[in-house]
file structure17.txt (compact mmCIF, C-alpha atoms)
# COMPACT_ATOMS: atom_id res chain seq x y z
CA MET A 1 -9.23 -61.47 85.71
CA ARG A 2 -8.61 -64.53 83.58
CA PRO A 3 -5.59 -64.34 81.30
CA LEU A 4 -7.64 -65.04 78.19
CA LEU A 5 -10.00 -62.15 78.82
CA LEU A 6 -7.07 -59.88 79.50
CA VAL A 7 -5.46 -60.85 76.23
CA SER A 8 -8.64 -60.23 74.31
CA MET A 9 -9.11 -56.82 75.94
CA LEU A 10 -5.56 -55.94 75.14
CA ALA A 11 -6.05 -56.96 71.54
CA THR A 12 -9.15 -54.77 71.30
CA ALA A 13 -7.27 -51.84 72.77
CA LEU A 14 -4.40 -52.27 70.37
CA THR A 15 -6.47 -52.60 67.24
CA ALA A 16 -8.36 -49.40 68.03
CA SER A 17 -6.10 -47.09 66.11
CA PRO A 18 -5.81 -44.16 68.57
CA ALA A 19 -3.65 -46.34 70.82
CA PHE A 20 -1.05 -46.45 68.06
CA ALA A 21 -1.13 -42.80 67.08
CA ALA A 22 2.19 -41.13 67.71
CA THR A 23 3.08 -37.52 68.44
CA ILE A 24 5.94 -36.22 66.36
CA GLU A 25 7.77 -33.24 67.74
CA VAL A 26 9.20 -30.48 65.60
CA THR A 27 11.16 -27.69 67.24
CA ILE A 28 11.32 -24.13 65.94
CA ASP A 29 14.48 -22.27 66.85
CA LYS A 30 15.74 -19.07 65.21
CA LEU A 31 13.29 -19.44 62.32
CA VAL A 32 14.22 -23.03 61.51
CA PHE A 33 11.93 -26.09 61.64
CA SER A 34 13.87 -29.02 63.07
CA PRO A 35 13.78 -31.67 61.82
CA ALA A 36 12.84 -30.01 58.56
CA SER A 37 11.34 -33.22 57.22
CA VAL A 38 9.33 -35.82 59.19
CA ARG A 39 7.50 -39.06 58.40
CA ALA A 40 4.14 -39.81 59.96
CA LYS A 41 1.04 -41.93 59.57
CA VAL A 42 -2.58 -40.89 59.22
CA GLY A 43 -3.85 -40.34 62.78
CA ASP A 44 -0.49 -39.16 64.10
CA THR A 45 -0.13 -35.70 65.58
CA ILE A 46 2.60 -33.24 64.77
CA GLU A 47 3.42 -30.87 67.58
CA TRP A 48 5.56 -27.79 67.01
CA MET A 49 7.43 -26.28 69.94
CA ASN A 50 8.25 -22.67 69.15
CA ASN A 51 11.32 -21.48 71.07
CA ASP A 52 11.39 -18.13 69.28
CA VAL A 53 10.04 -14.85 70.58
CA PHE A 54 8.17 -14.57 67.27
CA ALA A 55 4.84 -16.13 66.36
CA HIS A 56 5.01 -18.60 63.48
CA THR A 57 2.63 -20.76 61.48
CA ALA A 58 2.85 -24.17 59.83
CA THR A 59 0.80 -23.71 56.70
CA VAL A 60 0.12 -25.96 53.72
CA LYS A 61 -1.04 -24.14 50.61
CA GLY A 62 -4.68 -25.11 50.19
CA GLY A 63 -4.45 -27.30 53.30
CA TRP A 64 -3.97 -27.02 57.02
CA ASP A 65 -2.85 -23.89 58.83
CA VAL A 66 -1.53 -24.09 62.39
CA THR A 67 -0.68 -20.97 64.38
CA ILE A 68 2.19 -21.38 66.82
CA PRO A 69 2.48 -18.44 69.23
CA ALA A 70 5.86 -17.25 70.54
CA LYS A 71 7.36 -19.54 73.21
CA SER A 72 4.40 -21.87 72.80
CA LYS A 73 3.09 -24.94 71.00
CA GLY A 74 0.81 -25.72 68.11
CA LYS A 75 -0.38 -29.08 66.82
CA ILE A 76 -2.35 -30.86 64.18
CA THR A 77 -3.63 -34.41 63.76
CA LEU A 78 -2.95 -35.69 60.27
CA LYS A 79 -6.05 -36.87 58.43
CA THR A 80 -4.89 -37.50 54.90
CA ALA A 81 -2.02 -39.47 53.42
CA GLY A 82 0.51 -37.92 51.09
CA ALA A 83 3.57 -35.71 51.11
CA VAL A 84 3.13 -32.01 51.80
CA ASP A 85 5.41 -29.00 52.02
CA TYR A 86 4.56 -26.43 54.63
CA PHE A 87 5.85 -22.95 55.40
CA CYS A 88 5.38 -20.07 57.84
CA ARG A 89 2.95 -17.43 56.55
CA PHE A 90 4.73 -14.72 58.53
CA HIS A 91 8.21 -15.78 57.35
CA PRO A 92 7.80 -17.72 54.10
CA ASN A 93 11.53 -18.48 54.09
CA MET A 94 10.79 -21.04 56.85
CA LYS A 95 10.01 -24.38 55.21
CA GLY A 96 9.14 -27.89 56.34
CA HIS A 97 8.00 -31.19 54.85
CA VAL A 98 5.76 -34.00 56.07
CA GLU A 99 5.34 -37.43 54.53
CA VAL A 100 2.11 -39.02 55.70
CA ALA A 101 1.71 -42.76 55.17
CA PRO A 102 -1.84 -44.25 55.05
CA MET B 1 16.95 -0.58 70.78
CA PHE B 2 18.69 2.53 71.67
CA MET B 3 17.58 5.18 69.33
CA ARG B 4 14.77 7.53 68.90
CA PRO B 5 11.94 5.98 66.95
CA THR B 6 11.92 8.64 64.27
CA ALA B 7 15.57 8.15 63.59
CA ALA B 8 15.15 4.44 63.28
CA LEU B 9 12.23 4.85 60.97
CA ALA B 10 14.21 7.15 58.79
CA ALA B 11 16.81 4.51 58.34
CA LEU B 12 14.32 2.10 56.99
CA PHE B 13 13.02 4.40 54.33
CA LEU B 14 16.32 5.73 53.34
CA MET B 15 17.26 2.42 52.07
CA SER B 16 14.39 2.23 49.71
CA THR B 17 15.43 5.25 47.75
CA ALA B 18 19.18 5.17 47.98
CA PRO B 19 21.75 2.53 48.65
CA LEU B 20 22.65 2.34 52.28
CA VAL B 21 25.66 4.57 52.63
CA LEU B 22 27.99 3.28 55.22
CA ALA B 23 31.03 4.84 56.67
CA ALA B 24 34.23 3.64 55.07
CA ASP B 25 35.38 2.14 58.33
CA LYS B 26 33.98 -1.02 59.74
CA PRO B 27 31.28 -0.16 62.28
CA THR B 28 31.98 -1.01 65.90
CA ASP B 29 29.64 -3.19 67.97
CA PRO B 30 28.02 -0.17 69.69
CA GLN B 31 27.40 1.35 66.26
CA ILE B 32 26.09 -1.91 64.82
CA ALA B 33 23.67 -2.22 67.72
CA HIS B 34 22.48 1.32 67.05
CA ILE B 35 22.02 0.70 63.32
CA ALA B 36 20.13 -2.56 63.86
CA TYR B 37 17.85 -1.04 66.44
CA THR B 38 17.23 1.96 64.22
CA ALA B 39 16.35 -0.26 61.28
CA GLY B 40 13.79 -2.12 63.38
CA THR B 41 12.28 1.03 64.82
CA ILE B 42 11.85 2.51 61.34
CA ASP B 43 9.79 -0.48 60.29
CA ILE B 44 7.70 -0.30 63.47
CA GLU B 45 6.91 3.35 62.77
CA ALA B 46 5.97 2.55 59.19
CA ALA B 47 3.72 -0.27 60.45
CA LYS B 48 1.98 2.07 62.87
CA LEU B 49 1.27 4.49 60.05
CA ALA B 50 -0.18 1.67 57.93
CA ILE B 51 -2.34 0.38 60.79
CA GLU B 52 -3.70 3.87 61.25
CA LYS B 53 -4.24 4.73 57.59
CA SER B 54 -5.02 1.56 55.66
CA LYS B 55 -8.47 0.07 55.22
CA ASN B 56 -7.08 -3.01 53.51
CA LYS B 57 -7.30 -6.11 55.72
CA GLU B 58 -4.16 -7.73 54.26
CA ILE B 59 -2.10 -4.57 54.65
CA VAL B 60 -3.20 -4.02 58.23
CA ALA B 61 -2.50 -7.68 59.11
CA PHE B 62 0.94 -7.45 57.51
CA ALA B 63 1.71 -4.19 59.34
CA LYS B 64 0.72 -5.80 62.65
CA ASP B 65 3.08 -8.71 61.91
CA MET B 66 5.90 -6.21 61.26
CA GLU B 67 5.19 -4.30 64.44
CA ARG B 68 5.09 -7.47 66.55
CA ASP B 69 8.25 -9.07 65.10
CA HIS B 70 10.38 -5.95 65.12
CA GLU B 71 9.35 -5.07 68.65
CA ALA B 72 10.37 -8.59 69.68
CA VAL B 73 13.76 -8.30 67.93
CA ASN B 74 14.41 -4.86 69.37
CA LYS B 75 13.55 -6.07 72.84
CA GLN B 76 16.08 -8.89 72.45
CA ALA B 77 18.63 -6.37 71.24
CA LEU B 78 18.04 -4.11 74.22
CA ASP B 79 18.34 -7.04 76.60
CA LEU B 80 21.59 -8.07 74.93
CA VAL B 81 23.27 -4.65 75.02
CA LYS B 82 22.30 -4.35 78.67
CA LYS B 83 23.82 -7.74 79.38
CA LEU B 84 26.99 -6.92 77.42
CA LYS B 85 27.13 -3.45 78.97
CA VAL B 86 27.35 -1.92 75.52
CA THR B 87 25.98 1.56 74.95
CA PRO B 88 24.62 1.89 71.42
CA GLU B 89 26.35 4.68 69.63
CA ASP B 90 24.73 6.95 67.07
CA ASN B 91 26.61 7.19 63.79
CA ASP B 92 26.34 8.43 60.21
CA THR B 93 24.62 5.28 58.95
CA SER B 94 21.93 5.53 61.62
CA LYS B 95 21.50 9.22 60.86
CA THR B 96 21.21 8.62 57.12
CA LEU B 97 18.65 5.89 57.69
CA ALA B 98 16.67 8.10 60.02
CA LYS B 99 16.63 11.00 57.62
CA ALA B 100 15.52 8.92 54.67
CA ALA B 101 12.82 7.20 56.72
CA LYS B 102 11.45 10.53 57.83
CA GLU B 103 11.17 11.67 54.22
CA GLU B 104 9.52 8.43 53.12
CA ARG B 105 7.07 8.61 55.97
CA ALA B 106 6.10 12.16 55.05
CA LYS B 107 5.51 10.98 51.48
CA LEU B 108 3.35 8.06 52.64
CA ALA B 109 1.38 10.22 55.04
CA LYS B 110 0.03 12.23 52.10
CA LEU B 111 -1.31 9.19 50.26
CA LYS B 112 -4.71 7.57 50.71
CA GLY B 113 -6.51 4.32 50.07
CA ALA B 114 -5.12 1.97 47.44
CA GLU B 115 -2.35 4.44 46.61
CA PHE B 116 -1.12 4.36 50.17
CA ASP B 117 -1.35 0.55 50.35
CA LYS B 118 0.69 0.13 47.17
CA ALA B 119 3.34 2.65 48.20
CA TYR B 120 3.62 1.17 51.71
CA ILE B 121 4.04 -2.42 50.59
CA GLU B 122 6.47 -1.53 47.81
CA ASN B 123 8.55 0.43 50.26
CA GLU B 124 8.46 -2.52 52.67
CA ILE B 125 9.88 -4.81 49.96
CA ALA B 126 12.61 -2.33 49.03
CA TYR B 127 13.44 -1.49 52.62
CA HIS B 128 13.74 -5.09 53.73
CA LYS B 129 15.95 -5.86 50.73
CA GLN B 130 18.24 -3.01 51.65
CA VAL B 131 18.47 -4.06 55.27
CA ASP B 132 19.15 -7.68 54.22
CA GLY B 133 22.05 -6.45 52.12
CA ALA B 134 23.48 -4.30 54.89
CA LEU B 135 23.21 -7.14 57.42
CA GLU B 136 24.80 -9.68 55.10
CA THR B 137 27.65 -7.66 53.70
CA LEU B 138 28.52 -5.31 56.48
CA LEU B 139 26.87 -5.62 59.87
CA ILE B 140 27.19 -9.38 60.46
CA PRO B 141 30.79 -9.64 59.17
CA SER B 142 31.79 -6.59 61.25
CA ALA B 143 30.24 -7.70 64.55
CA SER B 144 32.93 -8.89 66.93
CA ASN B 145 30.73 -10.15 69.77
CA ALA B 146 29.39 -13.64 69.05
CA GLU B 147 26.02 -13.03 70.74
CA LEU B 148 25.51 -9.82 68.80
CA ARG B 149 26.40 -11.62 65.59
CA SER B 150 23.95 -14.41 66.38
CA LEU B 151 21.17 -11.89 67.03
CA LEU B 152 21.95 -10.16 63.73
CA GLU B 153 21.79 -13.51 61.95
CA THR B 154 18.33 -14.14 63.39
CA GLY B 155 17.44 -10.58 62.38
CA LEU B 156 18.55 -11.33 58.83
CA LYS B 157 16.24 -14.36 58.64
CA ILE B 158 13.38 -12.26 59.99
CA PHE B 159 14.03 -9.51 57.43
CA GLN B 160 14.30 -12.03 54.58
CA GLY B 161 11.04 -13.62 55.71
CA HIS B 162 9.32 -10.25 55.85
CA GLU B 163 10.55 -9.41 52.38
CA GLN B 164 8.93 -12.59 51.00
CA HIS B 165 5.80 -11.94 53.02
CA ALA B 166 5.63 -8.37 51.65
CA GLU B 167 6.02 -9.67 48.10
CA HIS B 168 3.13 -12.06 48.69
CA VAL B 169 0.93 -9.25 50.02
CA ALA B 170 1.92 -7.00 47.10
CA GLY B 171 0.86 -9.78 44.72
CA MET B 172 -2.54 -9.96 46.38
CA LEU B 173 -3.13 -6.23 45.85
CA LYS B 174 -2.89 -6.60 42.10
call {"tool": "encode", "arguments": {"input": "structure17.txt", "output": "structure tokens"}}
result
Amino acid sequence: MRPLLLVSMLATALTASPAFAATIEVTIDKLVFSPASVRAKVGDTIEWMNNDVFAHTATVKGGWDVTIPAKSKGKITLKTAGAVDYFCRFHPNMKGHVEVAP
Amino acid sequence: MFMRPTAALAALFLMSTAPLVLAADKPTDPQIAHIAYTAGTIDIEAAKLAIEKSKNKEIVAFAKDMERDHEAVNKQALDLVKKLKVTPEDNDTSKTLAKAAKEERAKLAKLKGAEFDKAYIENEIAYHKQVDGALETLLIPSASNAELRSLLETGLKIFQGHEQHAEHVAGMLK
């Protein structure tokens, strides 16, 4: 393939936003979200790895609600910009924070 | 973990009506294991009663959360005592808990509908508060084995979380 075509294809691939979307990992261990606060962009995915033997949730009041079974994963793709606090509905003493840039 | 379910249940309820009376001496690890297991079992028994009796969706969901979490903690506790070759030892605190829980359960069993729901959730708040206090001031500081202490610390976070969850559910009943 000619170099020019390759470059133009690459450019197309890169400007299509999904290619840039990142997955941000948050670990749950002994009822603690770690890191407790993360920064992301719209389109990024947050994935929680739950190492506990207890089911947890990542829940935003009036917003998203992700169930994370024991020894399992849960994820969400961020659709709106802004800073949100989340908590676990089963153990509301578990708290996390996400800052979502546009 | 190691005790009879009714005894464990009793412990849970005891705390709601009277301060947890602990022996003057620091409990030993085998006694701590017994007390912790008893406390969990008491809440599981209470949850089973609520699942059976309540028609309220929130109460039943909460009770199922309690049953699931406390069974998971107690399983971890049993695995740990097996690994450490510790035999849980019955003691006055466990017995007091068991007795009180039995009385509370008998009281709850007579109630119906919204009355039951209210009494169950209020007892859950009080019970979890009492267990939090016992864990923080006595059981965790007294535990000599590091793994047992770590499990108790996780148990404390679970109990504190349940207390907040129970308060939320109680607020929804009003």
call {"tool": "atom_distance", "arguments": {"input": "structure17.txt", "atom1": "atom CA of Lys48 of chain B", "atom2": "atom CA of Ala72 of chain B"}}
result
15.2 Å
call {"tool": "interface_residues", "arguments": {"input": "structure17.txt", "of": "chain B", "to": "chain A", "cutoff": "6 Å", "atoms": "only C-alpha atoms", "output": "list of chain:residue names"}}
result
B:Asp69, B:Thr154, B:Gly161, B:His162
call {"tool": "residues_near_point", "arguments": {"input": "structure17.txt", "point": "(9.7, -33.7, 56.8)", "cutoff": "8 Å", "atoms": "only C-alpha atoms", "output": "list in words"}}
result
Pro35, Ala36, Ser37, Val38, Arg39, Asp85, Gly96, His97, Val98 and Glu99 of chain A
call {"tool": "atom_distance", "arguments": {"input": "structure17.txt", "atom1": "atom CA of Phe62 of chain B", "atom2": "atom CA of Val169 of chain B"}}
result
7.7 Å
call {"tool": "atom_distance", "arguments": {"input": "structure17.txt", "atom1": "atom CA of Ala101 of chain B", "atom2": "atom CA of Tyr120 of chain B"}}
result
12.1 Å
call {"tool": "residues_around", "arguments": {"input": "structure17.txt", "residues": "Leu139 of chain B", "least_positions_apart": "5", "cutoff": "10 Å", "atoms": "only C-alpha atoms", "output": "list in words"}}
result
Lys26, Pro27, Thr28, Asp29, Gln31, Ile32, Ala33, Ile35, Ala36, Val131, Asp132, Gly133, Ala134, Ser144, Leu148, Arg149, Leu152 and Glu153 of chain B
call {"tool": "closest_residue", "arguments": {"input": "structure17.txt", "among": "B:His168, B:Ala46, B:Ile59, B:Lys174", "to": "Ala106 of chain B", "atoms": "all atoms listed in the file"}}
result
B:Ala46
call {"tool": "closest_residue", "arguments": {"input": "structure17.txt", "among": "A:Thr27, A:Asn51, A:Ser34, A:Thr80", "to": "Trp64 of chain A", "atoms": "all atoms listed in the file"}}
result
A:Thr80
call {"tool": "closest_residue", "arguments": {"input": "structure17.txt", "among": "A:Ile76, A:Ala101, A:Val42, A:Ala83", "to": "Val26 of chain A", "atoms": "all atoms listed in the file"}}
result
A:Ile76
call {"tool": "residues_around", "arguments": {"input": "structure17.txt", "residues": "Ile121 of chain B", "least_positions_apart": "4", "cutoff": "12 Å", "atoms": "all atoms listed in the file", "output": "JSON, numbers by chain"}}
result
{"B": [13, 16, 43, 46, 47, 50, 54, 56, 58, 59, 60, 61, 62, 63, 66, 108, 114, 115, 116, 117, 125, 126, 127, 128, 162, 163, 164, 165, 166, 167, 168, 169, 170, 171, 172, 173, 174]}
call {"tool": "residues_near_point", "arguments": {"input": "structure17.txt", "point": "(21.9, -15.4, 52.1)", "cutoff": "10 Å", "atoms": "only C-alpha atoms", "output": "ChimeraX atom specification"}}
result
/B:132-133,135-137,156-157,160
call {"tool": "write_last_selection", "arguments": {"input": "structure17.txt", "atoms": "C-alpha atoms", "output": "PDB file, in the coordinates of the input"}}
result
ATOM      1  CA  ASP B 132      19.150  -7.680  54.220  1.00  0.00           C
ATOM      2  CA  GLY B 133      22.050  -6.450  52.120  1.00  0.00           C
ATOM      3  CA  LEU B 135      23.210  -7.140  57.420  1.00  0.00           C
ATOM      4  CA  GLU B 136      24.800  -9.680  55.100  1.00  0.00           C
ATOM      5  CA  THR B 137      27.650  -7.660  53.700  1.00  0.00           C
ATOM      6  CA  LEU B 156      18.550 -11.330  58.830  1.00  0.00           C
ATOM      7  CA  LYS B 157      16.240 -14.360  58.640  1.00  0.00           C
ATOM      8  CA  GLN B 160      14.300 -12.030  54.580  1.00  0.00           C
TER       9      GLN B 160
END
call {"tool": "closest_residue", "arguments": {"input": "structure17.txt", "among": "A:Lys79, A:Lys61, A:Thr67, A:Gly74", "to": "Met49 of chain A", "atoms": "only C-alpha atoms"}}
result
A:Gly74
call {"tool": "decode", "arguments": {"input": "structure17.txt", "residues": "segment 57-98 of chain A", "atoms": "C-alpha atoms", "output": "CSV table (one decimal), in the first residue's frame"}}
result
chain,number,residue,atom,x,y,z
A,57,THR,CA,-22.0,-1.6,43.6
A,58,ALA,CA,-20.6,1.6,42.2
A,59,THR,CA,-23.6,3.9,42.4
A,60,VAL,CA,-24.1,7.6,41.6
A,61,LYS,CA,-27.1,9.1,43.3
A,62,GLY,CA,-29.5,9.9,40.4
A,63,GLY,CA,-27.0,8.5,37.9
A,64,TRP,CA,-25.4,5.3,37.0
A,65,ASP,CA,-25.5,2.1,39.0
A,66,VAL,CA,-23.0,-0.7,38.4
A,67,THR,CA,-23.2,-4.1,40.2
A,68,ILE,CA,-19.9,-5.8,40.8
A,69,PRO,CA,-20.3,-9.4,42.0
A,70,ALA,CA,-17.9,-11.0,44.4
A,71,LYS,CA,-14.5,-11.9,42.9
A,72,SER,CA,-15.7,-10.4,39.6
A,73,LYS,CA,-15.7,-7.2,37.5
A,74,GLY,CA,-18.1,-4.5,36.6
A,75,LYS,CA,-17.8,-1.6,34.1
A,76,ILE,CA,-19.3,1.5,32.7
A,77,THR,CA,-18.6,3.7,29.8
A,78,LEU,CA,-18.7,7.4,30.8
A,79,LYS,CA,-21.2,9.4,28.7
A,80,THR,CA,-21.3,12.7,30.4
A,81,ALA,CA,-18.7,15.2,31.6
A,82,GLY,CA,-18.5,16.4,35.2
A,83,ALA,CA,-17.4,15.3,38.6
A,84,VAL,CA,-19.4,12.7,40.4
A,85,ASP,CA,-19.2,10.9,43.8
A,86,TYR,CA,-20.2,7.3,43.9
A,87,PHE,CA,-20.7,4.8,46.7
A,88,CYS,CA,-21.7,1.2,47.3
A,89,ARG,CA,-25.4,0.7,47.9
A,90,PHE,CA,-24.7,-2.4,50.0
A,91,HIS,CA,-22.0,-0.7,52.1
A,92,PRO,CA,-22.5,3.1,51.8
A,93,ASN,CA,-19.3,3.7,53.8
A,94,MET,CA,-17.4,2.8,50.6
A,95,LYS,CA,-16.9,5.9,48.5
A,96,GLY,CA,-15.3,6.9,45.3
A,97,HIS,CA,-15.0,9.9,43.0
A,98,VAL,CA,-14.7,10.3,39.2
